[in-house]
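Okay, structure_24.cif is below, mmCIF, C-alpha atoms:
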data_work
loop_
_atom_site.label_atom_id
_atom_site.label_comp_id
_atom_site.auth_asym_id
_atom_site.auth_seq_id
_atom_site.Cartn_x
_atom_site.Cartn_y
_atom_site.Cartn_z
CA MET A 1009 93.15 16.14 30.03
CA THR A 1010 93.84 15.43 26.45
CA ALA A 1011 93.41 17.81 23.59
CA ARG A 1012 90.47 15.83 22.28
CA GLN A 1013 88.58 16.24 25.53
CA LEU A 1014 89.28 19.98 25.60
CA VAL A 1015 87.88 20.38 22.09
CA ARG A 1016 84.80 18.37 22.95
CA ARG A 1017 84.17 20.53 26.05
CA ALA A 1018 84.51 23.70 24.03
CA LEU A 1019 81.98 22.49 21.49
CA VAL A 1020 79.47 21.55 24.19
CA ALA A 1021 79.86 24.95 25.86
CA ALA A 1022 79.33 26.73 22.56
CA PHE A 1023 76.22 24.67 21.83
CA LEU A 1024 74.75 25.40 25.26
CA GLY A 1025 75.48 29.09 24.83
CA SER A 1026 73.62 29.19 21.54
CA ILE A 1027 70.60 27.53 23.13
CA ALA A 1028 70.55 30.08 25.99
CA THR A 1029 70.75 32.94 23.50
CA SER A 1030 67.78 31.58 21.51
CA ILE A 1031 65.71 31.26 24.68
CA THR A 1032 66.49 34.83 25.72
CA ILE A 1033 65.42 36.13 22.30
CA ALA A 1034 62.15 34.17 22.56
CA GLU A 1035 61.36 35.72 25.95
CA ASP A 1036 62.34 39.28 25.06
CA PRO A 1037 61.94 39.70 21.34
CA GLN A 1038 63.82 42.67 19.92
CA PRO A 1039 61.69 45.36 18.26
CA LEU A 1040 61.80 45.45 14.51
CA PRO A 1041 63.49 48.41 12.92
CA PRO A 1042 60.99 51.06 11.76
CA LEU A 1043 60.12 51.24 8.11
CA THR A 1044 61.42 54.07 6.06
CA GLY A 1045 58.84 56.89 5.81
CA ALA A 1046 56.29 55.19 8.12
CA THR A 1047 54.71 56.97 11.09
CA PRO A 1048 55.03 54.91 14.24
CA VAL A 1049 51.73 54.01 15.82
CA VAL A 1050 51.68 54.11 19.55
CA PRO A 1051 48.99 51.80 20.96
CA PRO A 1052 46.76 53.36 23.64
CA PRO A 1053 47.53 52.33 27.16
CA ILE A 1054 45.35 49.58 28.49
CA VAL A 1055 43.67 50.65 31.71
CA ALA A 1056 41.98 47.87 33.59
CA PRO A 1057 38.61 48.84 35.15
CA VAL A 1058 38.48 49.12 38.87
CA ILE A 1059 36.45 46.28 40.32
CA THR A 1060 34.81 46.98 43.64
CA PRO A 1061 33.61 43.71 45.08
CA ALA A 1062 30.16 43.79 46.69
CA THR A 1063 31.29 41.48 49.37
CA VAL A 1064 34.70 40.68 50.70
CA THR A 1065 35.77 37.48 49.03
CA THR A 1066 39.03 35.65 48.60
CA PRO A 1067 40.51 36.35 45.15
CA ILE A 1068 40.70 33.40 42.84
CA VAL A 1069 44.06 33.08 41.06
CA PRO A 1070 43.84 31.00 37.88
CA PRO A 1071 46.35 28.18 37.54
CA PRO A 1072 49.44 28.86 35.40
CA VAL A 1073 49.24 27.98 31.73
CA ASN A 1074 52.34 26.40 30.19
CA LEU A 1075 52.82 28.13 26.87
CA LEU A 1076 56.02 26.27 26.16
CA PRO A 1077 57.39 23.20 27.85
CA GLY A 1078 59.50 24.22 30.77
CA LEU A 1079 58.32 27.86 30.74
CA VAL A 1080 55.87 29.30 33.29
CA PRO A 1081 54.83 32.92 32.63
CA SER A 1082 54.32 35.17 35.57
CA VAL A 1083 50.66 36.19 36.03
CA THR A 1084 50.08 39.54 37.66
CA PRO A 1085 46.44 40.56 38.28
CA ASP A 1086 45.47 44.06 37.18
CA VAL A 1087 43.66 44.81 40.41
CA VAL A 1088 44.51 43.20 43.68
CA PRO A 1089 41.54 43.25 46.05
CA PRO A 1090 42.22 44.45 49.58
CA PRO A 1091 42.67 41.81 52.20
CA SER A 1092 39.48 40.72 53.87
CA PRO A 1093 39.07 42.29 57.27
CA LYS A 1094 38.81 40.03 60.19
CA LEU A 1095 35.36 40.06 61.74
CA PRO A 1096 35.08 39.79 65.50
CA ASN A 1097 33.56 36.63 66.85
CA VAL A 1098 30.22 37.88 68.14
CA ALA A 1099 27.65 35.39 69.36
CA ALA A 1100 24.40 35.40 67.30
CA PRO A 1101 21.45 36.88 69.24
CA GLU A 1102 18.79 34.49 70.30
CA PRO A 1103 15.57 34.69 68.18
CA LYS A 1104 12.77 36.54 69.92
CA ALA A 1105 9.17 35.45 69.48
CA GLU A 1106 7.14 38.20 67.77
CA PRO A 1107 3.89 39.03 69.56
CA MET A 1108 0.74 37.92 67.67
CA PRO A 1109 -1.73 40.62 66.62
CA PRO A 1110 -4.65 41.02 69.02
CA MET A 1111 -7.74 38.98 68.08
CA ALA A 1112 -11.15 40.54 67.65
CA PRO A 1113 -13.29 40.18 70.77
CA MET A 1114 -15.65 37.24 70.64
CA PRO A 1115 -19.32 38.27 70.85
CA THR A 1116 -21.06 37.21 74.00
CA ALA A 1117 -24.56 37.25 72.48
CA ALA A 1118 -26.14 36.61 69.10
CA PRO A 1119 -26.84 39.64 66.90
CA MET A 1120 -30.23 41.22 67.27
CA LEU A 1121 -32.85 39.84 64.85
CA PRO A 1122 -35.61 42.00 63.37
CA PRO A 1123 -38.92 41.83 65.25
CA MET A 1124 -41.40 39.19 64.12
CA ASP A 1125 -44.91 40.05 63.07
CA PRO A 1126 -46.72 39.36 65.41
CA PRO A 1127 -44.06 39.42 68.16
CA MET A 1128 -43.48 36.26 70.14
CA PRO A 1129 -44.65 36.37 73.84
CA LEU A 1130 -41.89 36.96 76.35
CA ARG A 1131 -41.42 35.00 79.55
CA LYS A 1132 -41.79 36.83 82.93
CA GLU A 1133 -38.45 37.32 84.62
CA ALA A 1134 -37.34 38.79 87.95
CA LYS A 1135 -36.86 42.51 88.28
CA ALA A 1136 -33.31 42.02 89.47
CA THR A 1137 -32.32 40.69 86.01
CA THR A 1138 -34.17 43.41 84.09
CA LEU A 1139 -31.69 45.83 82.48
CA ALA A 1140 -32.32 49.45 81.73
CA PRO A 1141 -32.74 50.39 78.11
CA THR A 1142 -29.63 51.66 76.43
CA THR A 1143 -29.65 55.38 75.71
CA ILE A 1144 -27.82 56.90 72.78
CA PRO A 1145 -25.38 59.54 74.10
CA SER A 1146 -25.17 62.97 72.53
CA PRO A 1147 -22.06 64.02 70.58
CA ALA A 1148 -20.83 66.07 73.50
CA THR A 1149 -21.08 63.07 75.77
CA VAL A 1150 -19.24 60.89 73.28
CA THR A 1151 -16.21 63.14 73.23
CA ALA A 1152 -16.00 63.18 77.06
CA PRO A 1153 -14.05 60.35 78.69
CA ALA A 1154 -16.23 57.59 80.03
CA THR A 1155 -16.35 57.10 83.77
CA VAL A 1156 -16.75 53.76 85.41
CA PRO A 1157 -19.42 53.83 88.15
CA ALA A 1158 -18.72 52.38 91.55
CA PRO A 1159 -19.96 48.85 92.32
CA ALA A 1160 -22.60 50.25 94.66
CA THR A 1161 -23.99 52.44 91.90
CA VAL A 1162 -24.13 49.49 89.50
CA ALA A 1163 -26.07 47.43 92.05
CA ALA A 1164 -28.51 50.28 92.59
CA ILE A 1165 -29.10 50.64 88.85
CA VAL A 1166 -29.71 46.91 88.46
CA GLU A 1167 -32.11 46.71 91.40
CA THR A 1168 -34.07 49.86 90.60
CA PRO A 1169 -33.97 50.68 86.89
CA ALA A 1170 -34.57 54.25 85.87
CA GLN A 1171 -37.30 53.24 83.39
CA PRO A 1172 -38.75 49.89 84.47
CA MET A 1173 -40.19 47.76 81.66
CA SER A 1174 -43.78 46.60 81.78
CA PRO A 1175 -44.15 43.01 82.92
CA ALA A 1176 -44.32 40.49 80.09
CA SER A 1177 -47.64 38.81 79.47
CA GLU A 1178 -48.12 35.16 80.07
CA PRO A 1179 -47.43 32.95 77.01
CA VAL A 1180 -50.51 31.80 75.16
CA PHE A 1181 -50.47 28.28 73.78
CA GLU A 1182 -52.87 27.23 71.06
CA THR A 1183 -54.85 24.12 71.79
CA VAL A 1184 -55.41 21.60 69.03
CA ALA A 1185 -59.00 20.51 68.72
CA LYS A 1186 -59.67 16.84 68.58
CA ALA A 1187 -60.08 15.54 65.05
CA LYS A 1188 -63.46 14.21 64.15
CA PRO A 1189 -63.60 10.56 63.23
CA ALA A 1190 -63.60 9.95 59.49
CA THR A 1191 -66.91 8.97 58.03
CA VAL A 1192 -67.42 6.87 54.92
CA SER A 1193 -68.91 8.88 52.07
CA THR A 1194 -72.16 7.62 50.73
CA THR A 1195 -71.42 8.86 47.20
CA THR A 1196 -70.18 6.35 44.66
CA VAL A 1197 -67.11 6.96 42.54
CA GLU A 1198 -67.26 5.79 38.94
CA ILE A 1199 -63.99 4.54 37.56
CA GLY A 1200 -63.35 6.04 34.13
CA LYS A 1201 -61.44 4.58 31.28
CA PRO A 1202 -57.73 4.15 31.96
CA ALA A 1203 -55.24 6.40 30.19
CA ILE A 1204 -54.04 4.99 26.88
CA ASP A 1205 -50.91 5.41 24.82
CA GLY A 1206 -52.01 7.58 21.91
CA LEU A 1207 -49.26 6.46 19.54
CA ALA A 1208 -49.88 2.78 20.25
CA ALA A 1209 -53.63 3.28 19.73
CA TYR A 1210 -52.93 5.07 16.45
CA LYS A 1211 -50.78 2.19 15.19
CA MET A 1212 -53.48 -0.26 16.23
CA MET A 1213 -56.06 1.77 14.31
CA LEU A 1214 -53.96 1.66 11.13
CA ALA A 1215 -53.55 -2.10 11.43
CA GLU A 1216 -57.31 -2.60 11.92
CA ALA A 1217 -58.09 -0.25 9.01
CA LYS A 1218 -55.85 -2.28 6.68
CA ILE A 1219 -57.62 -5.48 7.68
CA ALA A 1220 -61.07 -3.90 7.31
CA TYR A 1221 -60.29 -2.40 3.90
CA GLY A 1222 -58.97 -5.74 2.74
CA LYS A 1223 -62.57 -7.03 2.99
CA VAL A 1224 -63.99 -4.21 0.84
CA ARG A 1225 -64.74 -5.02 -2.83
CA ASP A 1226 -66.39 -1.70 -3.70
CA TYR A 1227 -68.08 1.30 -2.10
CA SER A 1228 -70.04 4.39 -3.15
CA GLY A 1229 -71.05 7.71 -1.57
CA HIS A 1230 -69.98 11.36 -1.65
CA VAL A 1231 -66.59 12.99 -1.12
CA ILE A 1232 -66.31 16.61 0.08
CA HIS A 1233 -62.89 18.25 0.01
CA ARG A 1234 -61.34 21.72 0.23
CA GLU A 1235 -57.65 22.55 -0.14
CA VAL A 1236 -55.15 25.37 -0.42
CA VAL A 1237 -54.39 25.67 -4.14
CA LEU A 1238 -51.98 28.36 -5.36
CA GLY A 1239 -52.02 29.96 -1.91
CA LYS A 1240 -55.82 30.24 -1.60
CA MET A 1241 -58.34 28.00 0.14
CA THR A 1242 -60.92 26.63 -2.24
CA ALA A 1243 -64.62 26.29 -1.50
CA ASP A 1244 -66.13 22.94 -0.53
CA GLN A 1245 -66.09 20.68 -3.58
CA THR A 1246 -68.61 17.82 -3.59
CA ALA A 1247 -68.53 14.87 -5.94
CA GLU A 1248 -70.18 11.48 -6.26
CA ILE A 1249 -67.70 8.67 -5.89
CA ARG A 1250 -67.65 5.04 -7.05
CA VAL A 1251 -64.68 2.83 -6.19
CA LYS A 1252 -63.67 -0.75 -6.94
CA THR A 1253 -60.67 -2.33 -5.29
CA LYS A 1254 -59.78 -4.99 -7.97
CA PRO A 1255 -58.63 -3.61 -10.28
CA ALA A 1256 -58.22 -0.24 -8.59
CA SER A 1257 -60.92 1.88 -10.25
CA ILE A 1258 -62.37 5.28 -9.31
CA TRP A 1259 -65.09 7.47 -10.81
CA LEU A 1260 -65.81 11.06 -9.71
CA LYS A 1261 -68.61 13.37 -10.85
CA TYR A 1262 -68.73 16.85 -9.30
CA VAL A 1263 -72.08 18.33 -8.27
CA ALA A 1264 -70.77 21.47 -6.46
CA PRO A 1265 -69.75 24.20 -6.79
CA ASN A 1266 -71.27 25.48 -10.03
CA SER A 1267 -67.85 26.04 -11.60
CA LEU A 1268 -67.13 22.27 -11.38
CA MET A 1269 -70.64 20.90 -11.90
CA GLY A 1270 -70.71 18.12 -14.46
CA MET A 1271 -66.94 17.43 -14.51
CA GLU A 1272 -66.17 13.68 -14.55
CA LEU A 1273 -62.91 11.89 -13.87
CA VAL A 1274 -62.36 8.17 -14.46
CA HIS A 1275 -59.24 6.14 -13.80
CA VAL A 1276 -58.73 2.38 -13.99
CA ASP A 1277 -55.38 0.91 -13.08
CA GLY A 1278 -53.69 -0.52 -16.20
CA ARG A 1279 -56.28 0.78 -18.66
CA ASN A 1280 -55.96 3.63 -21.23
CA PHE A 1281 -52.18 3.60 -20.79
CA ASN A 1282 -52.82 4.44 -17.14
CA LYS A 1283 -54.21 7.85 -18.10
CA VAL A 1284 -57.22 9.75 -16.76
CA ARG A 1285 -60.38 10.04 -18.79
CA MET A 1286 -61.71 13.54 -18.13
CA LYS A 1287 -64.81 15.46 -19.23
CA ALA A 1288 -64.68 19.18 -18.43
CA ALA A 1289 -67.49 20.98 -16.63
CA GLY A 1290 -70.33 22.14 -18.92
CA GLU A 1291 -69.78 19.33 -21.44
CA PHE A 1292 -72.66 16.90 -21.92
CA SER A 1293 -71.62 14.85 -24.96
CA PRO A 1294 -70.44 11.29 -24.22
CA THR A 1295 -67.60 11.84 -26.67
CA ALA A 1296 -66.24 14.81 -24.73
CA PHE A 1297 -63.88 12.64 -22.65
CA ALA A 1298 -60.15 13.20 -23.19
CA SER A 1299 -57.17 11.12 -22.02
CA LEU A 1300 -54.81 13.13 -19.83
CA ASP A 1301 -51.88 12.41 -17.54
CA THR A 1302 -52.70 12.14 -13.85
CA SER A 1303 -50.52 15.23 -13.18
CA ASP A 1304 -52.00 17.34 -16.00
CA SER A 1305 -52.82 20.91 -14.93
CA ARG A 1306 -56.41 20.56 -16.17
CA VAL A 1307 -56.89 17.63 -13.79
CA THR A 1308 -55.16 19.18 -10.76
CA ALA A 1309 -56.38 22.78 -11.22
CA HIS A 1310 -58.79 22.48 -8.26
CA THR A 1311 -56.90 20.05 -6.01
CA ARG A 1312 -53.41 19.18 -4.84
CA MET A 1313 -54.09 15.44 -5.04
CA THR A 1314 -54.15 13.31 -8.12
CA ILE A 1315 -57.14 11.07 -8.79
CA THR A 1316 -55.16 7.99 -7.76
CA GLU A 1317 -54.71 9.52 -4.27
CA PHE A 1318 -58.48 9.92 -3.70
CA GLY A 1319 -60.36 7.31 -1.71
CA ILE A 1320 -60.28 5.48 1.61
CA GLY A 1321 -57.62 2.97 0.57
CA PRO A 1322 -55.09 5.61 -0.55
CA MET A 1323 -55.82 7.56 2.66
CA ILE A 1324 -54.85 4.55 4.81
CA GLU A 1325 -51.66 4.04 2.78
CA LEU A 1326 -50.76 7.74 3.10
CA LEU A 1327 -51.19 7.77 6.89
CA ASP A 1328 -49.14 4.60 7.29
CA LYS A 1329 -46.38 5.92 5.02
CA ASN A 1330 -46.12 9.22 6.91
CA LEU A 1331 -45.82 7.44 10.26
CA SER A 1332 -43.11 5.15 8.87
CA ILE A 1333 -41.12 8.15 7.65
CA GLU A 1334 -41.25 9.82 11.08
CA GLU A 1335 -40.17 6.60 12.82
CA ARG A 1336 -37.28 6.04 10.42
CA LEU A 1337 -36.08 9.58 11.13
CA ARG A 1338 -36.58 8.94 14.87
CA ASN A 1339 -38.81 11.96 15.22
CA ALA A 1340 -41.22 12.35 18.10
CA VAL A 1341 -44.86 11.71 17.22
CA GLN A 1342 -47.59 12.71 19.66
CA VAL A 1343 -51.13 11.40 19.29
CA GLY A 1344 -54.27 12.45 21.13
CA VAL A 1345 -57.32 10.19 21.15
CA SER A 1346 -60.95 11.19 21.79
CA GLU A 1347 -64.49 10.22 20.83
CA TYR A 1348 -66.66 12.28 18.50
CA LYS A 1349 -69.78 12.09 16.40
CA TYR A 1350 -69.44 13.01 12.73
CA ALA A 1351 -72.14 12.81 10.02
CA ASP A 1352 -74.39 10.83 12.39
CA ARG A 1353 -71.59 8.30 12.86
CA MET A 1354 -69.75 7.52 16.09
CA VAL A 1355 -66.07 8.04 15.40
CA THR A 1356 -62.71 8.00 17.18
CA ARG A 1357 -60.69 11.13 16.62
CA TYR A 1358 -56.89 10.83 16.35
CA GLU A 1359 -54.85 14.05 16.48
CA VAL A 1360 -51.30 13.40 15.27
CA TYR A 1361 -48.52 15.96 15.87
CA THR A 1362 -45.20 15.82 14.04
CA ASP A 1363 -43.39 18.87 15.42
CA ARG A 1364 -40.03 18.48 13.66
CA ALA A 1365 -40.06 20.07 10.21
CA HIS A 1366 -38.28 18.26 7.37
CA ALA A 1367 -38.57 17.85 3.62
CA LEU A 1368 -40.57 14.60 3.80
CA ARG A 1369 -43.08 15.72 6.43
CA PHE A 1370 -46.70 15.53 5.26
CA ALA A 1371 -48.21 17.98 7.77
CA TYR A 1372 -47.53 19.53 11.15
CA ARG A 1373 -50.87 18.28 12.53
CA THR A 1374 -53.14 15.61 11.06
CA VAL A 1375 -56.63 14.85 12.38
CA ILE A 1376 -58.29 11.56 11.42
CA TYR A 1377 -61.87 10.46 12.16
CA VAL A 1378 -62.34 6.68 12.14
CA ASP A 1379 -65.78 5.05 11.99
CA LYS A 1380 -66.19 2.81 15.02
CA GLU A 1381 -68.40 0.38 13.13
CA THR A 1382 -66.45 -0.09 9.91
CA LYS A 1383 -62.94 0.62 11.42
CA LEU A 1384 -62.25 2.80 8.36
CA PRO A 1385 -61.19 6.47 8.28
CA ILE A 1386 -63.91 8.70 6.86
CA ARG A 1387 -62.35 12.18 7.34
CA MET A 1388 -58.82 13.64 7.34
CA GLU A 1389 -57.65 17.19 8.10
CA THR A 1390 -54.10 18.52 7.54
CA TYR A 1391 -52.63 21.64 9.19
CA ASP A 1392 -49.51 23.64 8.48
CA GLN A 1393 -46.85 24.77 10.96
CA PRO A 1394 -48.16 27.55 13.25
CA SER A 1395 -47.01 31.02 12.25
CA ILE A 1396 -46.54 34.24 14.23
CA GLY A 1397 -49.91 35.85 14.77
CA GLY A 1398 -51.78 32.80 13.45
CA SER A 1399 -53.59 29.94 15.08
CA PRO A 1400 -51.47 28.01 17.60
CA LEU A 1401 -52.82 24.78 16.09
CA GLY A 1402 -51.72 25.68 12.58
CA GLU A 1403 -53.62 26.78 9.49
CA LEU A 1404 -55.82 24.32 7.61
CA MET A 1405 -54.20 23.01 4.41
CA GLY A 1406 -56.90 20.59 3.36
CA SER A 1407 -59.81 18.40 4.50
CA TYR A 1408 -61.28 15.27 2.90
CA SER A 1409 -64.57 13.72 4.04
CA PHE A 1410 -66.45 10.61 2.90
CA ILE A 1411 -70.17 10.46 3.73
CA ASN A 1412 -73.21 8.36 2.76
CA LEU A 1413 -70.94 5.37 2.26
CA LYS A 1414 -72.24 1.99 1.16
CA PHE A 1415 -69.95 -1.01 0.92
CA ASN A 1416 -69.96 -4.13 -1.28
CA GLN A 1417 -73.03 -3.18 -3.33
CA GLY A 1418 -71.79 -4.92 -6.47
CA ILE A 1419 -70.83 -1.96 -8.65
CA GLY A 1420 -70.55 -3.00 -12.33
CA GLU A 1421 -67.94 -2.12 -14.93
CA ALA A 1422 -70.12 0.08 -17.12
CA ILE A 1423 -69.55 3.25 -15.10
CA PHE A 1424 -65.76 2.94 -15.49
CA VAL A 1425 -65.87 2.57 -19.30
CA LYS A 1426 -65.68 6.07 -20.76
#

Could you take the file, read its structure, and then write that structure out as structure tokens?
Amino acid sequence: MTARQLVRRALVAAFLGSIATSITIAEDPQPLPPLTGATPVVPPPIVAPVITPATVTTPIVPPPVNLLPGLVPSVTPDVVPPPSPKLPNVAAPEPKAEPMPPMAPMPTAAPMLPPMDPPMPLRKEAKATTLAPTTIPSPATVTAPATVPAPATVAAIVETPAQPMSPASEPVFETVAKAKPATVSTTTVEIGKPAIDGLAAYKMMLAEAKIAYGKVRDYSGHVIHREVVLGKMTADQTAEIRVKTKPASIWLKYVAPNSLMGMELVHVDGRNFNKVRMKAAGEFSPTAFASLDTSDSRVTAHTRMTITEFGIGPMIELLDKNLSIEERLRNAVQVGVSEYKYADRMVTRYEVYTDRAHALRFAYRTVIYVDKETKLPIRMETYDQPSIGGSPLGELMGSYSFINLKFNQGIGEAIFVK
């Protein structure tokens, strides 16, 4: 071996020795020298808690973790569980079927029903099947053990009961009498008028009234009305009335009561700037007429209606308008129809109910009397909603009647010029 090879081997050995020394230092690092004047701190010993497994299981050892390549640290568990004891091989016991709870005894007879009034007749049976009535034992007997009688004793009790029951009476069956043959009655049955639809009849009446009033040129007579004004019902107010349809003209002159006697009201559509010519009660001069608005308080002091709302024509328009409002709102309207006689005139009475209250409702109940001959309404009554303690049909708010009517008499213009 040459000198060069010896030197090379020495260098390799020294290099390997230095590597081994560095590895040893890494595994067991040397403690640092203590600092001058410092108090050494001794860490408390780490005591691992004792783990008592609930069941005997095989410990699980985690896999080694390579901190550095080529180095495997040794892992020592703090607590090593005891080895699992070996259990003897014992055959599992066969499952045993648990006994079911005893069932309640099934009744052999239906429960006793209460006696009927009157009791039903019983059928006669043989004495051998008749049982003795059951006696209620005393408390002393209940505590004593029951004894079972011999079969001979049971047979004797069945054959000869201690308290034999009275024999049942024979059943009584009711006999049905024979029905008498039907005989034809000699009385005659008059067929009345068929039931009508009140609302349909009311609509038909309004249509006929419009047609009939379309043929009227003028009419005269008396109007009698009473109304609730300022919360009080007025007395009957009677006035003479003259009406022309073209142009719409009306003249009223009150004859009752005394407080209104002599008052005249005249209105012609399109004349006097569409104002009312009024002469107050107690005035007799022809120049006492004054022009007032139709809603002036002096005109409406005794009535809730304006002068343009008086008359048969305005009444028909008002009834038709109120029905249209109820139908547009889809409110129920009930109408009763009957025949009456009013002011020596045969009339048809229509009683209209509008139960649903709303801001546009005219009245809760409206009663209209229509002349059968002229097909025109001659009386109207309006009623308010019934109140607690009041009339179930509602309180009267106003009534308007037209009597002594004469149609198409050729009324001139002079009476309407004031």

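The space between CA of Thr1390 (chain A) and CA of Glu1359 (chain A) spans 10.0 Å.
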
Check: Which one of A:Asn1412, A:Thr1253, A:Ser1026, A:Thr1246 sits closest to Pro1322 (chain A) if you count all atoms listed in the file?
Finding: A:Thr1253

The PyMOL selection byres ((chain A and resi 1382) around 12) - which residues does that actually catch in the file I just gave you? List them as a PDB file with C-alpha atoms, in the coordinates of the input.
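After the write, part-v7.pdb holds the following:
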ATOM      1  CA  MET A1213     -56.060   1.770  14.310  1.00  0.00           C
ATOM      2  CA  GLU A1216     -57.310  -2.600  11.920  1.00  0.00           C
ATOM      3  CA  ALA A1217     -58.090  -0.250   9.010  1.00  0.00           C
ATOM      4  CA  LYS A1218     -55.850  -2.280   6.680  1.00  0.00           C
ATOM      5  CA  ILE A1219     -57.620  -5.480   7.680  1.00  0.00           C
ATOM      6  CA  ALA A1220     -61.070  -3.900   7.310  1.00  0.00           C
ATOM      7  CA  TYR A1221     -60.290  -2.400   3.900  1.00  0.00           C
ATOM      8  CA  GLY A1222     -58.970  -5.740   2.740  1.00  0.00           C
ATOM      9  CA  LYS A1223     -62.570  -7.030   2.990  1.00  0.00           C
ATOM     10  CA  VAL A1224     -63.990  -4.210   0.840  1.00  0.00           C
ATOM     11  CA  ILE A1320     -60.280   5.480   1.610  1.00  0.00           C
ATOM     12  CA  ARG A1353     -71.590   8.300  12.860  1.00  0.00           C
ATOM     13  CA  MET A1354     -69.750   7.520  16.090  1.00  0.00           C
ATOM     14  CA  VAL A1355     -66.070   8.040  15.400  1.00  0.00           C
ATOM     15  CA  THR A1356     -62.710   8.000  17.180  1.00  0.00           C
ATOM     16  CA  TYR A1377     -61.870  10.460  12.160  1.00  0.00           C
ATOM     17  CA  VAL A1378     -62.340   6.680  12.140  1.00  0.00           C
ATOM     18  CA  ASP A1379     -65.780   5.050  11.990  1.00  0.00           C
ATOM     19  CA  LYS A1380     -66.190   2.810  15.020  1.00  0.00           C
ATOM     20  CA  GLU A1381     -68.400   0.380  13.130  1.00  0.00           C
ATOM     21  CA  LYS A1383     -62.940   0.620  11.420  1.00  0.00           C
ATOM     22  CA  LEU A1384     -62.250   2.800   8.360  1.00  0.00           C
ATOM     23  CA  PRO A1385     -61.190   6.470   8.280  1.00  0.00           C
ATOM     24  CA  ILE A1386     -63.910   8.700   6.860  1.00  0.00           C
ATOM     25  CA  LEU A1413     -70.940   5.370   2.260  1.00  0.00           C
ATOM     26  CA  LYS A1414     -72.240   1.990   1.160  1.00  0.00           C
ATOM     27  CA  PHE A1415     -69.950  -1.010   0.920  1.00  0.00           C
TER      28      PHE A1415
END

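Distances from A:Thr1374, A:Asn1266, A:Gln1013, A:Thr1308 to Ser1407 (chain A) were compared using only C-alpha atoms, and the smallest one belongs to A:Thr1374.
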
Taking the file as shown, find all residues satisfying the PyMOL selection byres ((chain A and resi 1323) around 10) and write them as a compact mmCIF listing (two decimals) with C-alpha atoms, in the coordinates of the input.
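That gives us out.txt:
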# COMPACT_ATOMS: atom_id res chain seq x y z
CA GLU A 1317 -54.71 9.52 -4.27
CA PHE A 1318 -58.48 9.92 -3.70
CA GLY A 1319 -60.36 7.31 -1.71
CA ILE A 1320 -60.28 5.48 1.61
CA GLY A 1321 -57.62 2.97 0.57
CA PRO A 1322 -55.09 5.61 -0.55
CA ILE A 1324 -54.85 4.55 4.81
CA GLU A 1325 -51.66 4.04 2.78
CA LEU A 1326 -50.76 7.74 3.10
CA LEU A 1327 -51.19 7.77 6.89
CA ASP A 1328 -49.14 4.60 7.29
CA LYS A 1329 -46.38 5.92 5.02
CA ILE A 1376 -58.29 11.56 11.42
CA LEU A 1384 -62.25 2.80 8.36
CA PRO A 1385 -61.19 6.47 8.28
CA ILE A 1386 -63.91 8.70 6.86
CA ARG A 1387 -62.35 12.18 7.34
CA MET A 1388 -58.82 13.64 7.34
CA TYR A 1408 -61.28 15.27 2.90

Next item on the list: Take the PyMOL selection byres ((chain A and resi 1272-1275) around 8), apply it to the structure above, and return the hits as a ChimeraX atom specification.
Entry: /A:1257-1262,1270-1271,1276-1277,1279,1282-1289,1315-1316,1424,1426

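Counting from CA of Gly1344 (chain A), the distance to CA of Gly1206 (chain A) is 5.4 Å.
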
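From CA of Arg1364 (chain A) back to CA of Thr1311 (chain A), the distance works out to 26.0 Å.
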
Next item on the list: Return the single residue from A:Arg1250, A:His1310, A:Arg1369, A:Arg1357 that is closest to Glu1421 (chain A), with distances computed using only C-alpha atoms.
Entry: A:Arg1250

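When only C-alpha atoms are used to measure the gap to Gly1418 (chain A), the shortest distance among A:Ala1022, A:Val1251, A:Met1405, A:Ala1011 belongs to A:Val1251.
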
Check: Out of A:Lys1349, A:Arg1306, A:Arg1016, A:His1366, which residue has the shortest atom-to-atom distance to Glu1334 (chain A) when counting all atoms listed in the file?
Finding: A:His1366
